[in-house]
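Just input_31.txt here, compact mmCIF, C-alpha atoms:
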```txt
# COMPACT_ATOMS: atom_id res chain seq x y z
CA MET S 1 82.59 38.53 -4.57
CA LYS S 2 82.40 42.18 -3.56
CA SER S 3 79.43 42.79 -5.77
CA SER S 4 77.52 39.83 -4.33
CA ARG S 5 78.14 41.09 -0.77
CA TRP S 6 76.68 44.47 -1.71
CA ILE S 7 73.58 42.76 -3.03
CA VAL S 8 73.12 40.74 0.18
CA ALA S 9 73.58 43.89 2.31
CA ALA S 10 71.04 45.81 0.31
CA GLY S 11 68.55 42.98 0.72
CA LEU S 12 69.03 42.88 4.48
CA SER S 13 68.64 46.65 4.76
CA ALA S 14 65.35 46.50 2.94
CA GLN S 15 64.05 43.77 5.26
CA ILE S 16 65.09 45.73 8.36
CA LEU S 17 63.34 48.89 7.13
CA ALA S 18 60.18 46.94 6.33
CA SER S 19 60.19 45.30 9.77
CA GLY S 20 60.64 48.69 11.47
CA ALA S 21 57.72 50.14 9.63
CA ALA S 22 55.52 47.20 10.60
CA LEU S 23 56.51 47.55 14.28
CA ALA S 24 55.77 51.25 14.23
CA GLN S 25 52.26 50.60 12.89
CA ALA S 26 51.62 47.85 15.43
CA LYS S 27 52.94 49.91 18.40
CA PRO S 28 50.09 51.33 20.53
CA ALA S 29 49.69 55.09 20.54
CA GLY S 30 50.89 57.09 23.49
CA PRO S 31 48.62 58.83 25.98
CA GLY S 32 48.69 62.13 24.18
CA ALA S 33 48.67 60.78 20.67
CA LYS S 34 45.57 60.97 18.47
CA ALA S 35 44.33 58.04 16.57
CA ALA S 36 44.58 58.33 12.81
CA PRO S 37 41.23 58.55 11.01
CA ALA S 38 39.97 55.27 9.72
CA ALA S 39 40.06 54.84 5.98
CA PRO S 40 36.64 54.74 4.34
CA ALA S 41 35.28 51.27 3.91
CA LYS S 42 35.38 49.85 0.46
CA GLY S 43 32.11 49.36 -1.33
CA GLY S 44 30.68 52.86 -0.62
CA GLY S 45 29.70 53.18 3.02
CA LYS S 46 26.68 55.37 3.92
CA THR S 47 27.28 58.93 5.10
CA ASP S 48 25.22 60.96 7.49
CA PRO S 49 22.64 62.94 5.47
CA LYS S 50 22.60 65.67 8.12
CA LYS S 51 26.18 66.56 7.31
CA GLU S 52 25.47 66.88 3.50
CA GLU S 53 24.58 70.32 2.20
CA PRO S 54 22.33 70.15 -0.93
CA LYS S 55 23.35 72.32 -3.82
CA ALA S 56 21.08 75.29 -4.44
CA GLU S 57 19.09 75.19 -7.68
CA PRO S 58 20.03 77.97 -10.09
CA THR S 59 17.44 80.72 -10.27
CA PRO S 60 15.94 81.98 -13.55
CA LEU S 61 18.26 84.98 -13.30
CA ASP S 62 21.28 82.68 -12.86
CA LYS S 63 20.32 80.74 -15.97
CA ALA S 64 19.65 83.92 -17.92
CA MET S 65 23.01 85.43 -16.97
CA GLU S 66 24.79 82.49 -18.57
CA PHE S 67 23.30 83.54 -21.92
CA VAL S 68 24.05 87.19 -21.15
CA LYS S 69 27.73 86.35 -20.66
CA HIS S 70 27.81 84.42 -23.91
CA GLY S 71 26.05 87.31 -25.63
CA ASP S 72 28.62 89.73 -24.24
CA ASP S 73 31.40 87.65 -25.78
CA THR S 74 29.77 87.51 -29.22
CA ALA S 75 28.94 91.23 -29.05
CA LYS S 76 32.59 92.07 -28.36
CA ALA S 77 33.47 90.04 -31.46
CA GLY S 78 31.02 92.13 -33.48
CA GLU S 79 28.68 89.20 -34.12
CA TRP S 80 25.51 91.10 -33.30
CA GLU S 81 23.03 88.65 -34.82
CA ASP S 82 24.37 85.85 -32.60
CA ALA S 83 24.49 88.21 -29.63
CA TYR S 84 20.85 89.22 -30.24
CA ALA S 85 19.87 85.54 -30.22
CA ASP S 86 21.66 84.92 -26.89
CA TYR S 87 20.27 88.05 -25.27
CA SER S 88 16.75 87.20 -26.48
CA ILE S 89 16.95 83.80 -24.82
CA ALA S 90 18.12 85.45 -21.62
CA TRP S 91 15.21 87.91 -21.81
CA SER S 92 12.72 85.06 -22.23
CA MET S 93 14.07 83.47 -19.04
CA TYR S 94 14.17 86.59 -16.93
CA GLN S 95 12.65 89.94 -17.87
CA GLY S 96 14.47 92.50 -15.77
CA TRP S 97 17.00 95.29 -16.09
CA GLU S 98 19.82 92.73 -15.82
CA THR S 99 18.84 91.25 -19.20
CA ALA S 100 17.25 94.33 -20.80
CA ARG S 101 20.43 96.20 -21.74
CA GLY S 102 21.93 93.39 -23.82
CA VAL S 103 18.80 92.56 -25.78
CA GLY S 104 18.01 96.25 -26.28
CA GLU S 105 21.42 97.22 -27.61
CA SER S 106 21.68 94.18 -29.88
CA ALA S 107 18.14 94.86 -31.15
CA ALA S 108 19.22 98.35 -32.18
CA LYS S 109 22.27 96.91 -33.95
CA THR S 110 20.17 94.39 -35.88
CA GLY S 111 17.34 96.71 -36.96
CA HIS S 112 14.73 95.88 -34.30
CA HIS S 113 14.45 99.50 -33.23
CA ALA S 114 11.01 99.33 -31.61
CA GLU S 115 12.20 96.54 -29.33
CA ALA S 116 15.39 98.47 -28.62
CA VAL S 117 13.40 101.47 -27.40
CA ALA S 118 11.20 99.31 -25.14
CA ARG S 119 14.01 97.28 -23.57
CA LEU S 120 16.50 100.11 -23.07
CA THR S 121 13.83 102.40 -21.63
CA LEU S 122 13.04 99.68 -19.10
CA PHE S 123 16.73 99.36 -18.33
CA LEU S 124 17.17 103.06 -17.54
CA LYS S 125 14.05 103.12 -15.37
CA SER S 126 14.82 99.96 -13.40
CA ALA S 127 18.61 99.73 -13.09
CA PRO S 128 19.97 101.00 -9.74
CA GLU S 129 21.96 104.22 -10.10
CA ALA S 130 24.89 102.67 -8.23
CA SER S 131 25.10 99.87 -10.80
CA VAL S 132 25.08 102.05 -13.92
CA PRO S 133 27.27 105.19 -14.06
CA GLN S 134 25.92 108.34 -15.67
CA LYS S 135 28.21 108.00 -18.66
CA GLU S 136 26.71 104.62 -19.48
CA ARG S 137 23.22 105.99 -18.99
CA ASP S 138 23.94 108.76 -21.46
CA ARG S 139 25.21 106.23 -23.99
CA ILE S 140 22.07 104.11 -23.65
CA GLN S 141 19.86 107.20 -23.96
CA ALA S 142 21.61 108.12 -27.22
CA ILE S 143 20.77 104.66 -28.60
CA ILE S 144 17.13 105.14 -27.57
CA ASP S 145 16.91 108.55 -29.27
CA GLU S 146 18.35 107.19 -32.49
CA SER S 147 16.03 104.17 -32.49
CA ILE S 148 13.00 106.39 -31.96
CA LYS S 149 13.82 108.16 -35.23
CA GLN S 150 13.75 104.78 -36.99
CA THR S 151 10.25 103.84 -35.80
CA GLY S 152 6.62 104.99 -36.08
CA THR S 153 3.66 104.83 -33.71
CA LEU S 154 0.22 103.26 -33.99
CA THR S 155 -2.86 104.33 -32.03
CA ILE S 156 -5.51 101.62 -31.77
CA VAL S 157 -9.12 102.53 -31.08
CA ALA S 158 -11.33 99.55 -30.28
CA PRO S 159 -14.12 98.50 -27.93
CA GLU S 160 -13.00 97.85 -24.38
CA GLY S 161 -11.93 94.41 -23.24
CA GLY S 162 -10.47 93.01 -26.45
CA ASP S 163 -7.12 91.22 -26.64
CA VAL S 164 -4.68 93.05 -28.93
CA LEU S 165 -2.32 90.97 -31.05
CA ILE S 166 0.26 92.72 -33.24
CA ASP S 167 1.99 90.45 -35.72
CA ARG S 168 0.42 87.59 -33.71
CA ASN S 169 2.15 88.70 -30.50
CA ALA S 170 0.12 89.76 -27.45
CA ALA S 171 0.21 93.53 -26.89
CA GLY S 172 -2.33 93.98 -24.09
CA LYS S 173 -6.05 94.66 -23.79
CA THR S 174 -8.10 97.52 -25.16
CA PRO S 175 -7.96 100.35 -24.48
CA LEU S 176 -4.16 100.44 -24.67
CA PRO S 177 -2.64 103.07 -22.36
CA GLU S 178 -0.53 104.61 -25.13
CA ALA S 179 0.39 104.36 -28.77
CA VAL S 180 2.34 101.29 -29.84
CA ARG S 181 5.82 101.85 -31.30
CA LEU S 182 6.53 99.71 -34.35
CA ASP S 183 9.24 99.24 -36.93
CA PRO S 184 8.49 100.52 -40.46
CA GLY S 185 6.57 98.19 -42.73
CA LYS S 186 3.27 96.33 -42.90
CA HIS S 187 1.85 94.99 -39.64
CA GLU S 188 -1.08 92.72 -38.78
CA VAL S 189 -3.32 93.91 -35.95
CA GLU S 190 -6.03 91.69 -34.50
CA ILE S 191 -8.62 92.43 -31.82
CA ARG S 192 -9.81 89.14 -30.39
CA ARG S 193 -12.76 88.39 -28.17
CA GLY S 194 -12.95 84.75 -27.15
CA ASP S 195 -12.99 82.61 -30.27
CA THR S 196 -13.81 85.46 -32.65
CA GLY S 197 -11.63 88.31 -33.85
CA GLU S 198 -11.23 91.07 -36.39
CA THR S 199 -7.97 91.57 -38.26
CA LYS S 200 -6.69 94.66 -40.07
CA PHE S 201 -3.39 95.62 -41.66
CA VAL S 202 -1.53 98.91 -41.31
CA GLU S 203 1.56 100.39 -42.94
CA ILE S 204 3.99 102.10 -40.55
CA THR S 205 6.41 104.79 -41.72
CA ALA S 206 9.45 105.92 -39.73
CA GLY S 207 8.80 109.16 -37.88
CA GLN S 208 5.04 109.03 -38.59
CA SER S 209 1.94 108.18 -36.56
CA ALA S 210 -0.94 106.00 -37.76
CA ASP S 211 -4.43 105.29 -36.43
CA LEU S 212 -6.40 102.07 -36.66
CA LYS S 213 -10.04 101.98 -35.65
CA PHE S 214 -12.08 98.88 -34.92
CA GLU S 215 -15.79 99.65 -34.97
CA PRO S 216 -18.03 97.63 -32.70
CA LYS S 217 -20.08 95.23 -34.76
CA ALA S 218 -23.77 96.02 -34.89
CA PRO S 219 -25.92 93.30 -33.38
CA THR S 220 -27.34 90.95 -35.95
CA GLN S 221 -30.97 91.73 -36.63
CA ILE S 222 -33.15 88.74 -37.28
CA ILE S 223 -36.42 89.73 -38.90
CA VAL S 224 -39.10 87.22 -38.16
CA GLU S 225 -42.14 87.60 -40.31
CA PRO S 226 -45.43 86.94 -38.58
CA GLU S 227 -46.71 83.52 -39.45
CA ASN S 228 -49.74 83.77 -41.73
CA LYS S 229 -51.59 80.65 -40.79
CA TRP S 230 -54.40 81.55 -43.14
CA ARG S 231 -52.19 82.22 -46.18
CA THR S 232 -51.75 78.62 -47.29
CA PRO S 233 -55.44 77.67 -47.03
CA VAL S 234 -56.46 80.81 -48.92
CA LEU S 235 -53.95 80.18 -51.70
CA ILE S 236 -54.99 76.55 -52.01
CA THR S 237 -58.67 77.35 -52.05
CA GLY S 238 -58.32 80.32 -54.40
CA SER S 239 -56.15 78.40 -56.84
CA THR S 240 -58.50 75.45 -56.86
CA LEU S 241 -61.58 77.64 -57.34
CA THR S 242 -59.90 79.38 -60.24
CA VAL S 243 -59.07 76.10 -61.93
CA ALA S 244 -62.49 74.69 -61.15
CA GLY S 245 -64.27 77.78 -62.44
CA LEU S 246 -62.38 77.72 -65.72
CA ALA S 247 -62.93 74.00 -66.13
CA LEU S 248 -66.63 74.26 -65.25
CA GLY S 249 -67.13 77.19 -67.59
CA GLY S 250 -65.45 75.24 -70.37
CA VAL S 251 -67.71 72.22 -69.75
CA PHE S 252 -70.90 74.29 -69.82
CA LEU S 253 -69.68 76.13 -72.88
CA GLY S 254 -69.49 72.78 -74.66
CA LEU S 255 -72.92 71.80 -73.34
CA SER S 256 -74.44 75.06 -74.56
CA PHE S 257 -73.07 74.39 -78.06
CA ASP S 258 -74.53 70.88 -77.94
CA ARG S 259 -77.95 72.12 -76.83
CA ALA S 260 -77.92 74.86 -79.48
CA ALA S 261 -77.33 72.25 -82.19
CA ALA S 262 -80.17 70.10 -80.77
CA LYS S 263 -82.48 73.09 -80.74
CA GLU S 264 -81.79 73.88 -84.38
CA LYS S 265 -82.36 70.28 -85.41
CA ALA S 266 -85.62 70.06 -83.49
CA ALA S 267 -86.87 73.32 -84.95
CA GLU S 268 -86.77 71.77 -88.46
CA ASP S 269 -89.50 69.32 -87.48
CA PRO S 270 -92.83 70.89 -86.41
CA ARG S 271 -93.64 67.77 -84.42
CA LYS S 272 -90.63 68.39 -82.22
CA ALA S 273 -91.60 71.89 -81.04
CA ALA S 274 -91.61 70.82 -77.39
CA GLU S 275 -88.16 69.26 -77.79
CA ALA S 276 -86.88 72.46 -79.41
CA ARG S 277 -88.18 74.54 -76.51
CA GLN S 278 -86.47 72.27 -73.99
CA ALA S 279 -83.21 72.44 -75.92
CA ALA S 280 -83.46 76.24 -75.99
CA GLU S 281 -84.00 76.34 -72.21
CA ASP S 282 -81.05 73.98 -71.65
CA GLU S 283 -78.88 76.15 -73.89
CA ALA S 284 -79.74 79.29 -71.93
CA PHE S 285 -79.07 77.52 -68.63
CA ASN S 286 -75.71 76.21 -69.80
CA LYS S 287 -74.69 79.65 -71.01
CA ASN S 288 -75.59 81.20 -67.65
CA VAL S 289 -73.59 78.58 -65.78
CA MET S 290 -70.68 79.08 -68.18
CA VAL S 291 -70.70 82.85 -67.67
CA TRP S 292 -70.88 82.66 -63.90
CA SER S 293 -68.21 79.97 -63.82
CA PHE S 294 -65.82 82.20 -65.75
CA VAL S 295 -66.76 85.18 -63.55
CA GLY S 296 -66.15 83.11 -60.42
CA ALA S 297 -62.81 81.89 -61.79
CA GLY S 298 -61.77 85.48 -62.45
CA VAL S 299 -62.74 86.61 -58.96
CA ALA S 300 -60.91 83.64 -57.38
CA LEU S 301 -57.84 84.32 -59.50
CA GLY S 302 -57.75 88.00 -58.54
CA GLY S 303 -58.22 87.28 -54.85
CA THR S 304 -55.55 84.58 -54.87
CA ALA S 305 -53.06 86.85 -56.61
CA ALA S 306 -53.74 89.64 -54.12
CA VAL S 307 -53.14 87.35 -51.16
CA PHE S 308 -50.02 85.89 -52.75
CA PHE S 309 -48.32 89.24 -53.35
CA ALA S 310 -49.52 90.80 -50.09
CA THR S 311 -48.01 88.00 -48.01
CA LYS S 312 -45.03 87.20 -50.23
CA GLY S 313 -42.07 86.04 -48.19
CA SER S 314 -43.76 83.32 -46.26
CA PRO S 315 -42.33 80.08 -47.53
CA SER S 316 -45.48 78.30 -48.52
CA LYS S 317 -45.65 75.82 -51.35
CA PRO S 318 -49.20 74.55 -51.40
CA LYS S 319 -50.02 71.37 -53.22
CA VAL S 320 -53.42 71.67 -54.84
CA GLU S 321 -55.45 69.18 -56.81
CA GLY S 322 -58.82 70.12 -58.35
CA THR S 323 -61.17 67.84 -60.24
CA VAL S 324 -64.29 68.74 -62.21
CA GLY S 325 -66.66 65.96 -63.18
CA PHE S 326 -70.24 64.98 -63.77
CA GLY S 327 -72.27 62.72 -61.60
CA PRO S 328 -75.83 61.53 -61.48
CA ALA S 329 -76.87 64.84 -59.93
CA GLY S 330 -74.99 66.96 -62.45
CA PRO S 331 -71.52 68.57 -62.60
CA GLY S 332 -69.37 68.72 -59.42
CA VAL S 333 -66.00 70.00 -58.18
CA ALA S 334 -63.57 68.09 -55.94
CA ILE S 335 -60.78 70.05 -54.15
CA ARG S 336 -57.77 68.46 -52.38
CA GLY S 337 -54.71 70.19 -50.94
CA GLU S 338 -52.23 70.43 -48.07
CA PHE S 339 -53.20 72.94 -45.40
```
Can you dump the structure from the file as structure tokens?
Amino acid sequence: MKSSRWIVAAGLSAQILASGAALAQAKPAGPGAKAAPAAPAKGGGKTDPKKEEPKAEPTPLDKAMEFVKHGDDTAKAGEWEDAYADYSIAWSMYQGWETARGVGESAAKTGHHAEAVARLTLFLKSAPEASVPQKERDRIQAIIDESIKQTGTLTIVAPEGGDVLIDRNAAGKTPLPEAVRLDPGKHEVEIRRGDTGETKFVEITAGQSADLKFEPKAPTQIIVEPENKWRTPVLITGSTLTVAGLALGGVFLGLSFDRAAAKEKAAEDPRKAAEARQAAEDEAFNKNVMVWSFVGAGVALGGTAAVFFATKGSPSKPKVEGTVGFGPAGPGVAIRGEF
């Protein structure tokens, strides 16, 4: 029975406390009391945009410094290749003294001495004195001096206004203000003008200087031979006359033999004296024509050859056709060709 009474009492106490709390919430606030802030409505009520402050976008330097911090951690662990990769990404995002020291020092550690000299020199020139104590400056200068010993220089002489590419990386325009510092080994150097360029290779030795000269290309000379409008007709005519002369001479040579045989046959018969005289005259005529035909062919051949060699170089390919024949009026020559 005692235990059951305790249970009933505990239940009543809980009801009384709950009722008191409900009355306190329902009781109006006093004159000096402040109302409690209303709870935000469920379902995502709208807020006043004027009271929201937009977050500032990170600058290129902010983004770069994230990689610098990561590079610092890997450098402390002695992982210089990884540190060089992080610092290089930072340098690509922001090229200033803030990112130059890391990439320069890691470049020296990984054998990129020419890059180390360039980046660390920029760092010493650009970093505020208050940000870098003299002891640190001396340390950086020592790295620069050691890297210089591990590199060589290249002087490029080329016509003005050309784009210089070294190992396919832009290095400025000609004339370059100073010699280019490079790591030892073979390097590709290109001078480009628009879509055309000239490429040469050079071997760099540590501690040595090299020169590379790009000569301006001579303008292309186009030799235009004067057009010989008369060459083709002369060659066609001369060639045809030569052929015609030889053919005509050959024909009259045969006719002279024929008339000589007729003369001899007629001379055997006294009654054919007149016929023998006519045959003799025809023979003499044919021989004269034969001789002058061969002479004409020789002259035409010589003249044609002289014209051909004197004007050689003009692309002329004449097409010549010559025909020798006999008609009712005697022998004739027909000449056809392309002029």
Practice task
Figure out the distance between atom CA of Ala85 of chain S and atom CA of Lys186 of chain S, please, to one decimal in Å.
Solution key: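 Atom CA of Ala85 of chain S lies 23.5 Å from atom CA of Lys186 of chain S.
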Determine the axis-aligned bounding box of all atoms of segment 282-286 of chain S present in the file, pad each side by 4 Å, and express its centre and edge lengths in Å to one decimal place as lines of an AutoDock Vina configuration file.
```
center_x = -78.4
center_y = 76.6
center_z = -71.3
size_x = 13.3
size_y = 13.3
size_z = 13.3
```
Practice task
Grab the atom CA of Glu160 of chain S to atom CA of Pro175 of chain S distance for me, in Å with one decimal place.
Solution key: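 Interatomic distance here is 5.6 Å.
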Local residues around (2.5, 91.0, -29.6), at most 12 Å away, using all atoms listed in the file, as a short mmCIF file (atom, residue, chain, number, x, y, z; two decimals) with C-alpha atoms, in the frame of the given file:
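Output below, filename part.cif:
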```
data_model
loop_
_atom_site.label_atom_id
_atom_site.label_comp_id
_atom_site.auth_asym_id
_atom_site.auth_seq_id
_atom_site.Cartn_x
_atom_site.Cartn_y
_atom_site.Cartn_z
CA GLU S 115 12.20 96.54 -29.33
CA ASP S 163 -7.12 91.22 -26.64
CA VAL S 164 -4.68 93.05 -28.93
CA LEU S 165 -2.32 90.97 -31.05
CA ILE S 166 0.26 92.72 -33.24
CA ASP S 167 1.99 90.45 -35.72
CA ARG S 168 0.42 87.59 -33.71
CA ASN S 169 2.15 88.70 -30.50
CA ALA S 170 0.12 89.76 -27.45
CA ALA S 171 0.21 93.53 -26.89
CA GLY S 172 -2.33 93.98 -24.09
CA LYS S 173 -6.05 94.66 -23.79
CA VAL S 180 2.34 101.29 -29.84
CA ARG S 181 5.82 101.85 -31.30
CA LEU S 182 6.53 99.71 -34.35
CA HIS S 187 1.85 94.99 -39.64
CA GLU S 188 -1.08 92.72 -38.78
CA VAL S 189 -3.32 93.91 -35.95
CA GLU S 190 -6.03 91.69 -34.50
CA ILE S 191 -8.62 92.43 -31.82
#
```
Practice task
Considering only C-alpha atoms, state which residue in the set S:Arg259, S:Gly102, S:Ala56, S:Arg277 is at the smallest distance from Asp73 of chain S.
Solution key: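 Among the listed residues, S:Gly102 lies closest to Asp73 of chain S.
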Practice task
Write out as a ChimeraX atom specification the residues lying within 12 Å of Asn288 of chain S, counting all atoms listed in the file and excluding same-chain residues fewer than 4 positions away.
Solution key: /S:248-249,252-253,255-256,281-284,292-295
Handout entry: Gap from atom CA of Ile144 of chain S to atom CA of Ala116 of chain S - Å, one decimal
Key =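 Going from atom CA of Ile144 of chain S over to atom CA of Ala116 of chain S, I get 7.0 Å.
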Practice task
Mind checking which residues fall within 12 Å of Tyr84 of chain S, counting only C-alpha atoms, ignoring those fewer than 6 positions away in the same chain, and posting them as a list of chain:residue names?
Solution key: S:Phe67, S:Val68, S:His70, S:Gly71, S:Asp72, S:Asp73, S:Thr74, S:Ala75, S:Gly78, S:Ala90, S:Trp91, S:Thr99, S:Ala100, S:Arg101, S:Gly102, S:Val103, S:Gly104, S:Glu105, S:Ser106, S:Ala107, S:Ala108, S:Lys109, S:Thr110, S:Gly111, S:His112, S:Glu115, S:Ala116
Exercise for the section: Measuring atom to atom with all atoms listed in the file, identify which of S:Arg139, S:Lys213, S:Lys287, S:Arg119 is nearest to Ala260 of chain S. Expected result: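 The shortest atom-to-atom distance to Ala260 of chain S comes from S:Lys287.
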Exercise for the section: List the neighbours of Ala276 of chain S out to 10 Å using only C-alpha atoms; skip same-chain residues closer than 3 positions along the sequence, and give me the result as a PyMOL selection string. Expected result: chain S and resi 259-273+279-282
Problem - Shell of 9 Å around segment 122-124 of chain S, all atoms listed in the file, local chain residues under 3 positions omitted, as a ChimeraX atom specification - result: /S:96-101,104,117-119,127-129,132,137,140-141
